[in-house]
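A short worksheet on the structure shown next.
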Amino acid sequence: SKEDEDSDELDEDRDFVEITFEGVEYLEDEETSDIFTPSYSPVGQWTEDCENIIWANDSARINHESKKD
C-alpha cells in the first residue's frame with residue numbers, strides 16, 4: 001500500500017516518552033529505544049543497559065555536551 005512506502009519518514013503517531021538524560025530533555029520511542037530531540041531530530045539510541053546513548057553522529061553528541069548540566 002501507499003502508506004507502507006512512506007515508512008522511512010518519521011511517523012508523528014509514534015509513542016514518544018519525554019526523558020531527561022544528564023539534564024537534557026529528549027524524546028524516546030520506547031518500541032525501538034531510538035532517541036530524538038524535542039524537534040524530532042534523531043540523536044541516537046540507548047545502550048543495552050540504558051545508561052548511555054549511542055550517538056547517531058558527532059553533532060548530536062556535541063550538542064548534548066553543550067547543553068548538559
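Lettering and numbering for the C-alpha cells are positional, with chains as A, B, ... in the shown order, residues counted from 1 in each chain, and ligands counted from 1 in the shown order.
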Skipping near chain neighbours, those fewer than 4 positions away, what residues fall within 12 Å of A:Thr20 using only C-alpha atoms, listed as a list of chain:residue names?
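Returned residues: A:Val24, A:Glu25, A:Tyr26, A:Leu27, A:Glu28, A:Ile35, A:Phe36, A:Thr37, A:Pro38, A:Glu51, A:Asn52, A:Ile53, A:His64, A:Lys67, A:Lys68, A:Asp69.
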Output for the residues just chosen: C-alpha atoms as a CSV table (one decimal), in the first residue's frame:
chain,number,residue,atom,x,y,z
A,24,VAL,CA,18.9,17.5,28.7
A,25,GLU,CA,15.4,16.7,27.5
A,26,TYR,CA,14.8,14.2,24.7
A,27,LEU,CA,12.1,12.1,23.3
A,28,GLU,CA,12.3,8.3,23.4
A,35,ILE,CA,16.1,8.9,21.0
A,36,PHE,CA,15.2,12.2,19.4
A,37,THR,CA,15.4,15.9,20.2
A,38,PRO,CA,12.2,17.6,21.1
A,51,GLU,CA,22.9,4.0,31.0
A,52,ASN,CA,24.2,5.9,28.0
A,53,ILE,CA,23.3,7.0,24.5
A,64,HIS,CA,24.3,17.3,24.1
A,67,LYS,CA,23.6,21.6,26.9
A,68,LYS,CA,24.2,19.1,29.8
A,69,ASP,CA,24.5,20.2,33.4
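Atom CA of A:Asp58 lies 9.6 Å from atom CA of A:Val43.
From atom CA of A:Ile19 back to atom CA of A:Arg61, the distance works out to 16.3 Å.
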By how many Å are atom CA of A:Phe16 and atom CA of A:Asp29 apart?
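Separation between atom CA of A:Phe16 and atom CA of A:Asp29: 4.8 Å.
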